[in-house]
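protein19.txt (compact mmCIF, C-alpha atoms and all ligand atoms) appears below.
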```
# COMPACT_ATOMS: atom_id res chain seq x y z
CA MET A 242 -61.90 93.54 162.00
CA HIS A 243 -60.19 95.57 159.28
CA GLU A 244 -61.86 94.93 155.87
CA ASN A 245 -60.15 95.45 152.54
CA PRO A 246 -62.33 98.14 150.80
CA LYS A 247 -61.76 96.58 147.35
CA ARG A 248 -63.09 93.29 148.68
CA ILE A 249 -66.31 94.92 149.93
CA ASN A 250 -66.88 96.49 146.52
CA ILE A 251 -66.54 93.18 144.77
CA MET A 252 -68.96 91.54 147.22
CA GLU A 253 -71.49 94.33 146.87
CA ALA A 254 -71.34 94.44 143.10
CA ASN A 255 -71.80 90.66 142.90
CA THR A 256 -71.47 90.85 139.13
CA ILE A 257 -70.97 87.53 137.44
CA TYR A 258 -68.59 87.42 134.46
CA LYS A 259 -69.46 84.01 133.06
CA GLY A 260 -66.36 82.36 131.62
CA LEU A 261 -64.48 85.48 132.83
CA GLU A 262 -65.41 87.06 129.50
CA GLY A 263 -64.07 90.59 129.28
CA VAL A 264 -62.13 90.26 132.57
CA THR A 265 -58.42 91.15 132.51
CA VAL A 266 -56.55 88.96 135.00
CA SER A 267 -52.89 89.77 134.37
CA GLU A 268 -50.34 91.90 132.53
CA THR A 269 -48.06 90.24 129.99
CA LYS A 270 -45.15 91.10 127.71
CA VAL A 271 -45.19 87.71 125.96
CA GLY A 272 -47.68 88.14 123.16
CA PHE A 273 -50.42 90.37 121.82
CA VAL A 274 -53.46 89.65 119.65
CA ASP A 275 -54.97 92.66 117.88
CA GLY A 276 -58.37 91.38 116.78
CA GLU A 277 -59.36 94.55 114.91
CA ALA A 278 -56.15 94.93 112.88
CA GLY A 279 -55.60 91.17 112.44
CA ARG A 280 -52.15 91.24 114.06
CA LEU A 281 -50.39 88.62 116.15
CA VAL A 282 -47.24 89.80 117.93
CA TYR A 283 -44.71 87.81 119.97
CA ARG A 284 -42.57 90.08 122.18
CA GLY A 285 -42.98 92.93 119.67
CA TYR A 286 -42.28 90.91 116.51
CA ASN A 287 -44.98 90.41 113.88
CA ILE A 288 -45.85 86.77 113.28
CA GLU A 289 -45.36 87.32 109.51
CA ASP A 290 -41.71 88.33 110.05
CA LEU A 291 -41.03 85.49 112.42
CA THR A 292 -42.51 82.82 110.15
CA GLU A 293 -40.61 84.21 107.17
CA HIS A 294 -37.17 84.59 108.77
CA SER A 295 -37.06 82.61 112.01
CA SER A 296 -37.47 79.06 113.34
CA TYR A 297 -39.48 77.45 116.14
CA GLU A 298 -36.34 77.14 118.27
CA GLU A 299 -35.74 80.92 118.07
CA VAL A 300 -39.41 81.70 118.67
CA ALA A 301 -39.56 79.45 121.76
CA TYR A 302 -36.42 81.15 123.11
CA LEU A 303 -37.90 84.58 122.36
CA LEU A 304 -41.18 83.82 124.15
CA ILE A 305 -39.48 82.41 127.25
CA ASN A 306 -36.54 84.83 127.52
CA GLY A 307 -37.94 88.03 126.03
CA HIS A 308 -35.34 88.54 123.28
CA LEU A 309 -34.09 86.72 120.20
CA PRO A 310 -31.04 84.61 121.08
CA ASN A 311 -27.49 85.50 120.04
CA ALA A 312 -25.41 82.71 118.47
CA LYS A 313 -24.17 81.35 121.82
CA GLU A 314 -27.61 81.48 123.48
CA TYR A 315 -29.11 79.76 120.44
CA GLN A 316 -26.54 76.99 120.55
CA ASP A 317 -27.04 76.41 124.30
CA PHE A 318 -30.81 76.42 123.96
CA THR A 319 -30.92 74.03 120.98
CA GLN A 320 -28.62 71.70 122.89
CA VAL A 321 -31.10 71.60 125.78
CA LEU A 322 -33.95 70.96 123.35
CA ARG A 323 -32.07 68.23 121.49
CA LYS A 324 -31.07 66.44 124.69
CA SER A 325 -34.62 66.67 126.00
CA SER A 326 -36.12 65.23 122.81
CA GLU A 327 -34.44 61.87 123.58
CA LEU A 328 -37.16 60.20 125.65
CA SER A 329 -36.52 58.09 128.75
CA LYS A 330 -37.39 54.39 128.85
CA GLU A 331 -40.31 55.06 131.27
CA VAL A 332 -41.92 57.51 128.85
CA VAL A 333 -41.34 55.28 125.82
CA ASP A 334 -42.83 52.30 127.70
CA LEU A 335 -45.84 54.41 128.74
CA ILE A 336 -46.48 55.47 125.14
CA TRP A 337 -46.09 52.01 123.64
CA THR A 338 -48.18 50.24 126.29
CA HIS A 339 -51.00 52.82 125.94
CA SER A 340 -50.81 53.43 122.20
CA GLU A 341 -54.58 52.85 121.90
CA SER A 342 -55.34 55.84 124.16
CA HIS A 343 -56.35 59.23 122.83
CA PRO A 344 -53.11 61.09 121.89
CA THR A 345 -53.92 64.18 123.95
CA SER A 346 -54.74 62.10 127.04
CA LEU A 347 -51.56 60.10 126.59
CA LEU A 348 -49.50 63.29 126.20
CA ARG A 349 -51.06 64.71 129.39
CA THR A 350 -50.17 61.52 131.30
CA ALA A 351 -46.62 61.46 129.92
CA VAL A 352 -45.98 65.05 131.05
CA SER A 353 -47.38 64.20 134.47
CA LEU A 354 -45.11 61.12 134.66
CA LEU A 355 -42.10 63.27 133.80
CA GLY A 356 -43.01 65.56 136.70
CA ALA A 357 -43.41 62.63 139.09
CA ASN A 358 -39.91 61.41 138.14
CA ASP A 359 -38.17 64.78 138.45
CA ARG A 360 -37.08 65.53 142.03
CA ARG A 361 -36.56 69.20 141.17
CA ALA A 362 -40.36 69.46 140.81
CA ASP A 363 -40.94 68.65 144.48
CA HIS A 364 -39.69 72.03 145.72
CA ALA A 365 -39.22 73.98 142.50
CA LEU A 366 -36.96 77.04 142.69
CA ASP A 367 -37.22 79.76 140.03
CA LYS A 368 -34.18 78.50 138.12
CA ASP A 369 -35.42 74.91 138.23
CA GLN A 370 -38.82 75.98 136.91
CA LYS A 371 -37.17 77.63 133.90
CA ASP A 372 -34.84 74.69 133.25
CA MET A 373 -37.68 72.19 133.53
CA GLY A 374 -39.88 74.39 131.32
CA MET A 375 -37.26 74.59 128.58
CA GLU A 376 -36.74 70.84 128.74
CA LEU A 377 -40.49 70.34 128.35
CA VAL A 378 -40.44 72.48 125.20
CA GLY A 379 -38.01 69.89 123.79
CA LYS A 380 -39.76 66.83 125.22
CA ILE A 381 -43.39 67.47 124.33
CA PRO A 382 -42.90 67.43 120.51
CA ALA A 383 -40.88 64.20 120.85
CA ILE A 384 -43.67 62.65 122.94
CA VAL A 385 -46.29 63.66 120.36
CA SER A 386 -44.24 62.23 117.49
CA SER A 387 -43.62 59.02 119.40
CA ILE A 388 -47.35 58.66 120.09
CA ARG A 389 -47.95 58.79 116.34
CA ARG A 390 -45.11 56.33 115.74
CA ALA A 391 -46.54 53.90 118.34
CA LYS A 392 -50.03 54.19 116.83
CA ASP A 393 -48.60 53.34 113.41
CA GLY A 394 -46.98 50.21 114.89
CA GLY A 395 -43.38 51.44 114.50
CA LYS A 396 -40.48 51.37 116.97
CA TYR A 397 -39.20 54.39 118.96
CA VAL A 398 -36.95 56.67 116.86
CA SER A 399 -34.17 58.69 118.52
CA PRO A 400 -33.96 62.34 117.39
CA SER A 401 -31.38 63.18 114.73
CA PRO A 402 -28.78 65.85 115.65
CA GLU A 403 -28.86 67.10 112.03
CA LEU A 404 -32.53 68.03 112.11
CA SER A 405 -34.45 71.00 113.52
CA MET A 406 -37.20 70.42 116.08
CA ALA A 407 -39.76 70.48 113.26
CA GLY A 408 -37.66 68.04 111.24
CA ASN A 409 -37.34 65.74 114.22
CA MET A 410 -41.08 65.87 114.82
CA LEU A 411 -41.57 64.40 111.36
CA TYR A 412 -38.60 62.03 111.67
CA GLN A 413 -39.54 60.69 115.13
CA SER A 414 -43.11 60.11 113.96
CA THR A 415 -42.30 58.31 110.69
CA GLY A 416 -38.72 57.01 110.94
CA LYS A 417 -37.99 58.78 107.62
CA LYS A 418 -35.93 61.95 107.26
CA PRO A 419 -38.30 64.64 105.95
CA ASP A 420 -37.71 66.71 102.80
CA LYS A 421 -36.86 70.41 103.26
CA THR A 422 -40.35 71.64 102.26
CA SER A 423 -42.15 69.43 104.80
CA GLU A 424 -39.67 70.42 107.53
CA ARG A 425 -40.20 74.11 106.74
CA ILE A 426 -44.00 73.79 106.75
CA MET A 427 -43.93 71.95 110.09
CA ASP A 428 -41.64 74.66 111.46
CA VAL A 429 -44.09 77.39 110.41
CA CYS A 430 -47.01 75.49 112.00
CA LEU A 431 -45.08 75.28 115.28
CA MET A 432 -44.29 79.01 115.21
CA LEU A 433 -47.88 79.99 114.39
CA HIS A 434 -49.41 78.10 117.33
CA ALA A 435 -46.79 78.96 119.97
CA ASP A 436 -48.75 81.66 121.79
CA HIS A 437 -52.18 83.26 121.53
CA GLY A 438 -53.35 85.49 124.33
CA SER A 439 -55.21 84.48 127.45
CA ASN A 440 -56.92 81.42 126.01
CA ALA A 441 -58.40 78.66 128.23
CA SER A 442 -55.35 76.35 128.32
CA THR A 443 -52.92 79.21 128.97
CA PHE A 444 -55.19 80.50 131.71
CA SER A 445 -55.35 77.08 133.34
CA SER A 446 -51.53 76.88 133.34
CA LEU A 447 -51.51 80.25 135.17
CA VAL A 448 -54.05 79.08 137.74
CA THR A 449 -51.89 76.04 138.52
CA ILE A 450 -48.56 77.90 138.69
CA SER A 451 -50.18 80.60 140.87
CA THR A 452 -50.38 78.04 143.71
CA LEU A 453 -46.55 77.83 143.42
CA SER A 454 -46.94 74.36 141.97
CA ASP A 455 -44.32 73.08 139.49
CA ILE A 456 -44.21 73.69 135.74
CA TYR A 457 -45.00 70.03 134.92
CA SER A 458 -48.29 70.44 136.80
CA ALA A 459 -48.99 73.73 135.01
CA LEU A 460 -48.51 72.09 131.59
CA THR A 461 -50.46 68.98 132.61
CA SER A 462 -53.40 71.28 133.46
CA ALA A 463 -52.97 73.15 130.18
CA ILE A 464 -52.96 69.97 128.07
CA GLY A 465 -56.09 68.71 129.85
CA THR A 466 -57.78 72.01 129.07
CA LEU A 467 -56.67 72.05 125.44
CA LYS A 468 -58.24 68.60 124.90
CA GLY A 469 -61.82 69.92 124.79
CA PRO A 470 -63.42 70.41 121.35
CA LEU A 471 -64.23 74.06 122.12
CA HIS A 472 -60.48 74.78 122.27
CA GLY A 473 -58.10 72.48 120.41
CA GLY A 474 -60.40 70.38 118.27
CA ALA A 475 -61.81 72.70 115.57
CA ASN A 476 -59.18 71.90 112.89
CA GLU A 477 -60.08 68.22 112.90
CA MET A 478 -63.76 69.06 112.39
CA ALA A 479 -62.96 71.63 109.68
CA LEU A 480 -60.93 69.05 107.74
CA LYS A 481 -63.67 66.44 108.08
CA LEU A 482 -66.25 68.90 106.74
CA ILE A 483 -64.10 69.77 103.71
CA MET A 484 -63.55 66.06 103.05
CA LYS A 485 -67.28 65.37 103.39
CA ILE A 486 -68.13 68.18 100.94
CA GLY A 487 -65.69 66.53 98.52
CA LYS A 488 -65.60 69.00 95.61
CA PRO A 489 -66.17 72.72 94.93
CA GLU A 490 -69.50 72.09 93.11
CA ASN A 491 -71.04 70.76 96.37
CA VAL A 492 -70.01 73.71 98.53
CA GLU A 493 -72.88 76.17 98.04
CA LYS A 494 -75.59 73.62 98.83
CA VAL A 495 -73.87 72.05 101.89
CA ILE A 496 -72.83 75.37 103.43
CA GLY A 497 -76.17 77.01 102.56
CA ASP A 498 -78.09 74.15 104.25
CA MET A 499 -75.85 74.24 107.34
CA LEU A 500 -76.19 77.99 107.76
CA GLN A 501 -79.94 77.77 107.34
CA LYS A 502 -80.02 75.25 110.19
CA LYS A 503 -77.89 77.73 112.22
CA GLU A 504 -75.01 75.24 112.36
CA LYS A 505 -71.48 76.57 112.94
CA ILE A 506 -68.94 76.04 110.18
CA MET A 507 -65.75 74.92 111.91
CA GLY A 508 -62.65 76.95 111.11
CA PHE A 509 -64.57 80.24 110.79
CA GLY A 510 -65.09 83.07 113.25
CA HIS A 511 -63.08 84.01 116.31
CA ARG A 512 -63.74 85.62 119.70
CA VAL A 513 -60.89 88.10 119.19
CA TYR A 514 -60.29 88.40 115.43
CA LYS A 515 -63.07 90.17 113.58
CA VAL A 516 -60.95 90.27 110.42
CA TYR A 517 -58.96 87.57 108.60
CA ASP A 518 -56.86 85.63 111.17
CA PRO A 519 -53.21 86.39 110.24
CA ARG A 520 -52.25 82.78 111.01
CA ALA A 521 -54.86 81.49 108.54
CA LYS A 522 -53.45 83.82 105.85
CA ILE A 523 -49.97 82.34 106.30
CA LEU A 524 -51.20 78.76 106.51
CA LYS A 525 -53.35 79.09 103.41
CA GLY A 526 -50.25 79.55 101.22
CA PHE A 527 -48.65 76.45 102.73
CA ALA A 528 -51.90 74.48 102.44
CA ARG A 529 -51.96 75.26 98.71
CA GLU A 530 -48.32 74.18 98.33
CA VAL A 531 -48.47 71.01 100.38
CA THR A 532 -51.77 69.76 98.92
CA GLN A 533 -50.38 70.27 95.40
CA LYS A 534 -47.23 68.39 96.33
CA ASN A 535 -49.22 65.46 97.72
CA GLY A 536 -51.85 65.26 94.97
CA LYS A 537 -54.63 66.59 97.23
CA GLU A 538 -55.46 69.70 95.15
CA LEU A 539 -59.19 68.94 95.24
CA LEU A 540 -59.15 69.33 99.01
CA PHE A 541 -57.62 72.80 98.69
CA GLN A 542 -59.97 73.85 95.86
CA THR A 543 -62.97 72.75 97.94
CA ALA A 544 -61.66 74.68 100.95
CA GLN A 545 -61.12 77.78 98.80
CA LYS A 546 -64.72 77.59 97.63
CA VAL A 547 -65.94 77.17 101.25
CA GLU A 548 -63.92 80.27 102.19
CA ASP A 549 -65.37 82.31 99.28
CA THR A 550 -68.92 81.23 100.13
CA MET A 551 -68.54 81.96 103.84
CA ILE A 552 -67.00 85.39 103.27
CA MET A 553 -69.75 86.26 100.81
CA LYS A 554 -72.43 85.21 103.32
CA LEU A 555 -70.89 86.19 106.68
CA GLY A 556 -67.87 88.42 105.98
CA SER A 557 -69.98 91.49 106.79
CA LYS A 558 -70.46 90.06 110.34
CA GLY A 559 -66.70 89.73 110.81
CA ILE A 560 -66.63 86.00 110.09
CA PHE A 561 -63.45 84.89 108.28
CA PRO A 562 -61.28 81.73 108.27
CA ASN A 563 -59.38 81.17 111.51
CA VAL A 564 -56.14 79.23 112.00
CA ASP A 565 -58.02 75.93 112.25
CA PHE A 566 -59.50 76.10 108.77
CA TYR A 567 -56.22 75.41 106.98
CA SER A 568 -54.08 73.78 109.68
CA GLY A 569 -55.93 70.43 109.57
CA MET A 570 -55.37 70.23 105.83
CA VAL A 571 -51.67 70.95 106.27
CA TYR A 572 -51.25 68.30 108.99
CA ASP A 573 -53.20 65.80 106.90
CA SER A 574 -50.91 66.44 103.92
CA LEU A 575 -47.89 65.95 106.19
CA GLY A 576 -49.30 62.50 107.03
CA PHE A 577 -50.77 63.13 110.49
CA HIS A 578 -54.04 61.42 111.47
CA PRO A 579 -56.75 63.86 112.66
CA ASP A 580 -56.89 62.44 116.19
CA ILE A 581 -53.37 63.75 116.85
CA PHE A 582 -53.97 67.32 115.62
CA THR A 583 -54.67 68.64 119.14
CA ALA A 584 -51.50 67.05 120.50
CA ILE A 585 -49.49 68.76 117.72
CA PHE A 586 -51.06 72.03 118.84
CA ALA A 587 -49.82 71.27 122.39
CA ALA A 588 -46.31 70.52 121.07
CA SER A 589 -46.15 74.07 119.77
CA ARG A 590 -48.08 75.85 122.54
CA ALA A 591 -45.75 74.35 125.18
CA SER A 592 -43.40 77.33 124.70
CA GLY A 593 -46.22 79.86 125.20
CA TRP A 594 -47.48 78.03 128.29
CA VAL A 595 -43.97 77.96 129.80
CA ALA A 596 -43.28 81.62 128.93
CA ARG A 597 -46.55 82.87 130.41
CA SER A 598 -46.39 80.63 133.51
CA LEU A 599 -42.86 81.84 134.36
CA GLU A 600 -43.87 85.45 133.72
CA TYR A 601 -46.98 85.16 135.91
CA VAL A 602 -45.28 83.49 138.86
CA SER A 603 -42.51 86.10 138.85
CA ASP A 604 -45.15 88.59 140.08
CA ASN A 605 -47.52 86.05 141.55
CA LYS A 606 -51.04 86.38 142.89
CA LEU A 607 -52.99 83.23 143.75
CA PHE A 608 -56.14 82.91 141.64
CA ARG A 609 -59.20 82.72 143.88
CA PRO A 610 -62.41 83.93 142.21
CA ARG A 611 -65.81 83.62 143.86
CA SER A 612 -69.04 81.89 142.94
CA SER A 613 -72.42 83.33 143.73
CA TYR A 614 -74.31 80.80 145.87
CA ILE A 615 -77.86 80.37 144.57
CA GLY A 616 -78.75 77.16 146.47
CA GLU A 617 -80.89 76.80 149.60
CA ARG A 618 -79.48 78.59 152.65
CA GLY A 619 -81.33 76.52 155.26
CA PRO A 620 -80.58 75.48 157.91
CA LYS A 621 -82.42 72.27 156.92
CA GLU A 622 -83.08 69.50 159.42
CA TYR A 623 -80.60 66.59 159.07
CA ILE A 624 -82.48 63.27 158.58
CA PRO A 625 -80.52 60.03 159.20
CA ILE A 626 -80.27 57.75 156.13
CA GLY A 627 -82.60 55.11 157.61
CA LYS A 628 -85.43 57.63 157.89
CA ARG A 629 -85.12 59.15 154.40
CA ASN A 630 -87.68 58.29 151.70
C1 LIG B 1 -65.18 81.08 117.61
C2 LIG B 1 -66.65 81.39 117.85
C3 LIG B 1 -67.10 80.64 119.12
C4 LIG B 1 -66.83 82.89 118.06
O1 LIG B 1 -68.18 83.07 118.33
P1 LIG B 1 -68.84 84.50 118.55
O2 LIG B 1 -67.87 85.42 119.21
O3 LIG B 1 -70.14 84.26 119.21
O4 LIG B 1 -69.08 84.98 117.06
P2 LIG B 1 -69.72 86.33 116.57
O5 LIG B 1 -70.47 86.99 117.67
O6 LIG B 1 -68.68 87.11 115.89
O7 LIG B 1 -70.77 85.82 115.49
C5 LIG B 1 -71.47 86.72 114.65
C6 LIG B 1 -72.52 85.94 113.90
O8 LIG B 1 -71.88 84.99 113.03
C7 LIG B 1 -72.30 83.67 113.34
N1 LIG B 1 -71.14 82.80 113.28
C8 LIG B 1 -69.98 82.93 113.99
N2 LIG B 1 -69.13 81.94 113.67
C9 LIG B 1 -69.77 81.17 112.78
C10 LIG B 1 -69.41 79.99 112.12
N3 LIG B 1 -68.23 79.42 112.32
N4 LIG B 1 -70.30 79.43 111.27
C11 LIG B 1 -71.49 80.01 111.07
N5 LIG B 1 -71.89 81.12 111.67
C12 LIG B 1 -71.04 81.70 112.53
C13 LIG B 1 -72.85 83.75 114.75
O9 LIG B 1 -73.78 82.72 114.99
C14 LIG B 1 -73.47 85.11 114.75
O10 LIG B 1 -74.69 85.01 114.04
P3 LIG B 1 -75.97 85.95 114.43
O11 LIG B 1 -75.53 87.36 114.07
O12 LIG B 1 -77.05 85.43 113.55
O13 LIG B 1 -76.21 85.76 115.88
C15 LIG B 1 -67.50 80.97 116.65
O14 LIG B 1 -67.13 81.73 115.55
C16 LIG B 1 -67.40 79.48 116.34
O15 LIG B 1 -68.03 78.65 117.00
N6 LIG B 1 -66.59 79.12 115.29
C17 LIG B 1 -66.42 77.74 114.90
C18 LIG B 1 -65.45 77.00 115.81
C19 LIG B 1 -64.01 77.33 115.53
O16 LIG B 1 -63.57 77.40 114.39
N7 LIG B 1 -63.26 77.49 116.63
C20 LIG B 1 -61.85 77.78 116.57
C21 LIG B 1 -61.57 79.19 116.96
S1 LIG B 1 -59.82 79.51 116.72
```
Since I need it in another form, could you write the structure as structure tokens?
Ligand SMILES: CC(C)(COP(=O)(O)OP(=O)(O)OC[C@H]1O[C@@H](n2cnc3c(N)ncnc32)[C@H](O)[C@@H]1OP(=O)(O)O)[C@@H](O)C(=O)NCCC(=O)NCCS
Amino acid sequence: MHENPKRINIMEANTIYKGLEGVTVSETKVGFVDGEAGRLVYRGYNIEDLTEHSSYEEVAYLLINGHLPNAKEYQDFTQVLRKSSELSKEVVDLIWTHSESHPTSLLRTAVSLLGANDRRADHALDKDQKDMGMELVGKIPAIVSSIRRAKDGGKYVSPSPELSMAGNMLYQSTGKKPDKTSERIMDVCLMLHADHGSNASTFSSLVTISTLSDIYSALTSAIGTLKGPLHGGANEMALKLIMKIGKPENVEKVIGDMLQKKEKIMGFGHRVYKVYDPRAKILKGFAREVTQKNGKELLFQTAQKVEDTMIMKLGSKGIFPNVDFYSGMVYDSLGFHPDIFTAIFAASRASGWVARSLEYVSDNKLFRPRSSYIGERGPKEYIPIGKRN
């Protein structure tokens, strides 16, 4: 039998890369994280430029299509998003009848339900995958907002044609039209979280799409993966810690005690960034602004003191604030409850998941890694159940 020489090498080497750390599994043109220089790039554009001049709608288009839209493309795309952000009766019923469920679980189930109800998903062609993906970019934020609305005991709110996606996220979750500052801050949060390298949820969307499954399934996998506290949950814990510390005077003792006990301070450190996370730098300015506006200055001052203390103690080891340190505070000031923070993350990351899934499947290779078997090789004698001890 003819053996593939590459395959023999892999078998002979038998090296285990736990968690696939350090393993490159694909090429991408979607986004780039430069951990040494502290740069985040979407399709060649610096995140600082995008958050200053652009909008989430443009960024989502850019990630999925590879270029910034012209006026006509922008209009067509925003129309798709707007239409998609009006939820069907089945999805609204699901959200309102399960409003006690965890928001991320409910979001995952809603996306799965959408897939089950979309006949295009049964035998998805390339064009269908892209259309369904773009619709999901519009639907997921509306689902997240409606989950918050249902939890607060309100009725479903239809999106407003006058508002941006960020504005509608706030409107559909509260029933009140947001002010310009809140809409802008939400927009920046969506842009900042849209894509970030080969993280666990993005990778799981690639594994699913690589079986030629549909994009709903890919995003359902991604949302399930994002739910874990090692991935999407650090901002909630960072906010809770800052709230528990309460005021700047308490910081040195609390942080000092935690570090002595070798506890991790949530919102600090990163596998890729060994300098200040560029997303945290941008969010910090907004956190200052929004906490001032909402009378929560003490929260910001306490966070600033935590940052100073951590950098003094661990900056030399490359430990700086990451995106999660300030994002929880921003969401809290915008009125979101901590248990929905991860679902908001998913609302933004949907565009990155779609962009990378479509890119991967266009030059597809089924994922099929190996495990090294370390159990008994036998053969052991089979003993019928009645004779076992
Ligand atoms: C993200 C994370 C897993 C990266 O871990 P890592 O790659 O092992 O980190 P490093 O190797 O750079 O750590 C260097 C040192 O700083 C310590 N350190 C790293 N992050 C720390 C944190 N948040 N709090 C306290 N100490 C930390 C490490 O324990 C290590 O200490 P040592 O030299 O005594 O062994 C880690 O920083 C962490 O758990 N952070 C908190 C969770 C979080 O905010 N996650 C969201 C990421 S976007």
Between A:Leu482, A:Ala587, A:Leu261, A:Met553, which has the minimum distance to A:Met570 (counting all atoms listed in the file)?
A:Leu482
Mind checking which residues fall within 12 Å of A:Gly260, counting all atoms listed in the file, ignoring those fewer than 4 positions away in the same chain, and posting them as a compact mmCIF listing (two decimals) with C-alpha atoms, in the coordinates of the input?
```
# COMPACT_ATOMS: atom_id res chain seq x y z
CA VAL A 264 -62.13 90.26 132.57
CA THR A 265 -58.42 91.15 132.51
CA ASN A 440 -56.92 81.42 126.01
CA ALA A 441 -58.40 78.66 128.23
CA PHE A 444 -55.19 80.50 131.71
CA PRO A 610 -62.41 83.93 142.21
CA SER A 612 -69.04 81.89 142.94
```
Residues within 7 Å of ligand LIG 1 (chain B), counting only C-alpha atoms and all ligand atoms: report them as a PyMOL selection string.
chain A and resi 471-472+475+500+503-512+515+555+558-560+563-565
Write out as an mmCIF file with C-alpha atoms, in the frame of the given file each polymer residue whose atoms come within 7 Å of A:Val595, counting all atoms listed in the file; drop sequence neighbours fewer than 4 positions from it.
```cif
data_model
loop_
_atom_site.group_PDB
_atom_site.id
_atom_site.type_symbol
_atom_site.label_atom_id
_atom_site.label_comp_id
_atom_site.auth_asym_id
_atom_site.auth_seq_id
_atom_site.Cartn_x
_atom_site.Cartn_y
_atom_site.Cartn_z
ATOM 1 C CA ILE A 305 -39.480 82.410 127.250
ATOM 2 C CA GLY A 374 -39.880 74.390 131.320
ATOM 3 C CA ALA A 591 -45.750 74.350 125.180
ATOM 4 C CA LEU A 599 -42.860 81.840 134.360
#
```
Considering all atoms listed in the file, return as a list in words whatever protein or nucleic-acid residues lie within 8 Å of A:Val378, sequence-local ones (same chain, fewer than 3 positions apart) excluded.
Ala301, Leu322, Gly374, Met375, Ile381, Pro382, Ala588, Ala591, Ser592 and Val595 of chain A
Write the residues of the preceding selection, restricted to C-alpha atoms, as a JSON list (two decimals), in the coordinates of the input.
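What landed in selection.json:
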```json
[["chain", "number", "residue", "atom", "x", "y", "z"],
["A", 301, "ALA", "CA", -39.56, 79.45, 121.76],
["A", 322, "LEU", "CA", -33.95, 70.96, 123.35],
["A", 374, "GLY", "CA", -39.88, 74.39, 131.32],
["A", 375, "MET", "CA", -37.26, 74.59, 128.58],
["A", 381, "ILE", "CA", -43.39, 67.47, 124.33],
["A", 382, "PRO", "CA", -42.90, 67.43, 120.51],
["A", 588, "ALA", "CA", -46.31, 70.52, 121.07],
["A", 591, "ALA", "CA", -45.75, 74.35, 125.18],
["A", 592, "SER", "CA", -43.40, 77.33, 124.70],
["A", 595, "VAL", "CA", -43.97, 77.96, 129.80]]
```
Distance query stretch 613-626 of chain A at most 9 Å, all atoms listed in the file, self and fewer than 2 positions along chain excluded, as JSON, numbers by chain:
{"A": [255, 256, 257, 611, 628, 629, 630]}
Distance query stretch 453-467 of chain A at most 9 Å, only C-alpha atoms, self and fewer than 6 positions along chain excluded, as a CSV table (one decimal) with C-alpha atoms, in the frame of the given file:
```csv
chain,number,residue,atom,x,y,z
A,345,THR,CA,-53.9,64.2,124.0
A,346,SER,CA,-54.7,62.1,127.0
A,348,LEU,CA,-49.5,63.3,126.2
A,349,ARG,CA,-51.1,64.7,129.4
A,350,THR,CA,-50.2,61.5,131.3
A,351,ALA,CA,-46.6,61.5,129.9
A,352,VAL,CA,-46.0,65.0,131.0
A,353,SER,CA,-47.4,64.2,134.5
A,354,LEU,CA,-45.1,61.1,134.7
A,355,LEU,CA,-42.1,63.3,133.8
A,356,GLY,CA,-43.0,65.6,136.7
A,357,ALA,CA,-43.4,62.6,139.1
A,361,ARG,CA,-36.6,69.2,141.2
A,362,ALA,CA,-40.4,69.5,140.8
A,363,ASP,CA,-40.9,68.6,144.5
A,364,HIS,CA,-39.7,72.0,145.7
A,365,ALA,CA,-39.2,74.0,142.5
A,366,LEU,CA,-37.0,77.0,142.7
A,370,GLN,CA,-38.8,76.0,136.9
A,371,LYS,CA,-37.2,77.6,133.9
A,373,MET,CA,-37.7,72.2,133.5
A,374,GLY,CA,-39.9,74.4,131.3
A,377,LEU,CA,-40.5,70.3,128.4
A,441,ALA,CA,-58.4,78.7,128.2
A,442,SER,CA,-55.4,76.4,128.3
A,443,THR,CA,-52.9,79.2,129.0
A,444,PHE,CA,-55.2,80.5,131.7
A,445,SER,CA,-55.4,77.1,133.3
A,446,SER,CA,-51.5,76.9,133.3
A,447,LEU,CA,-51.5,80.2,135.2
A,473,GLY,CA,-58.1,72.5,120.4
A,474,GLY,CA,-60.4,70.4,118.3
A,583,THR,CA,-54.7,68.6,119.1
A,584,ALA,CA,-51.5,67.0,120.5
A,586,PHE,CA,-51.1,72.0,118.8
A,587,ALA,CA,-49.8,71.3,122.4
A,591,ALA,CA,-45.8,74.4,125.2
A,594,TRP,CA,-47.5,78.0,128.3
A,595,VAL,CA,-44.0,78.0,129.8
A,598,SER,CA,-46.4,80.6,133.5
A,599,LEU,CA,-42.9,81.8,134.4
A,602,VAL,CA,-45.3,83.5,138.9
A,605,ASN,CA,-47.5,86.0,141.6
A,607,LEU,CA,-53.0,83.2,143.8
```
Can you write out as JSON lines which residues of stretch 304-406 of chain A fall within 8 Å of stretch 573-582 of chain A, alongside each residue's closest atom pair and its distance in Å to one decimal, counting only C-alpha atoms and ordering rows by chain and ascending residue number?
```
{"residue": "A:His343", "atom": "CA", "partner": "A:Asp580", "partner_atom": "CA", "distance": 7.4}
{"residue": "A:Pro344", "atom": "CA", "partner": "A:Ile581", "partner_atom": "CA", "distance": 5.7}
{"residue": "A:Thr345", "atom": "CA", "partner": "A:Ile581", "partner_atom": "CA", "distance": 7.1}
{"residue": "A:Val385", "atom": "CA", "partner": "A:Ile581", "partner_atom": "CA", "distance": 7.9}
{"residue": "A:Arg389", "atom": "CA", "partner": "A:Ile581", "partner_atom": "CA", "distance": 7.4}
```
What is the distance between atom CA of A:Val300 and atom CA of A:Pro470, in Å to one decimal?
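About the pair atom CA of A:Val300 and atom CA of A:Pro470: they are 26.7 Å apart.
Checking A:Asp428, A:Asp275, A:Glu331, A:Asp372 one by one against A:Phe527, counting all atoms listed in the file, you find the shortest gap at A:Asp428.
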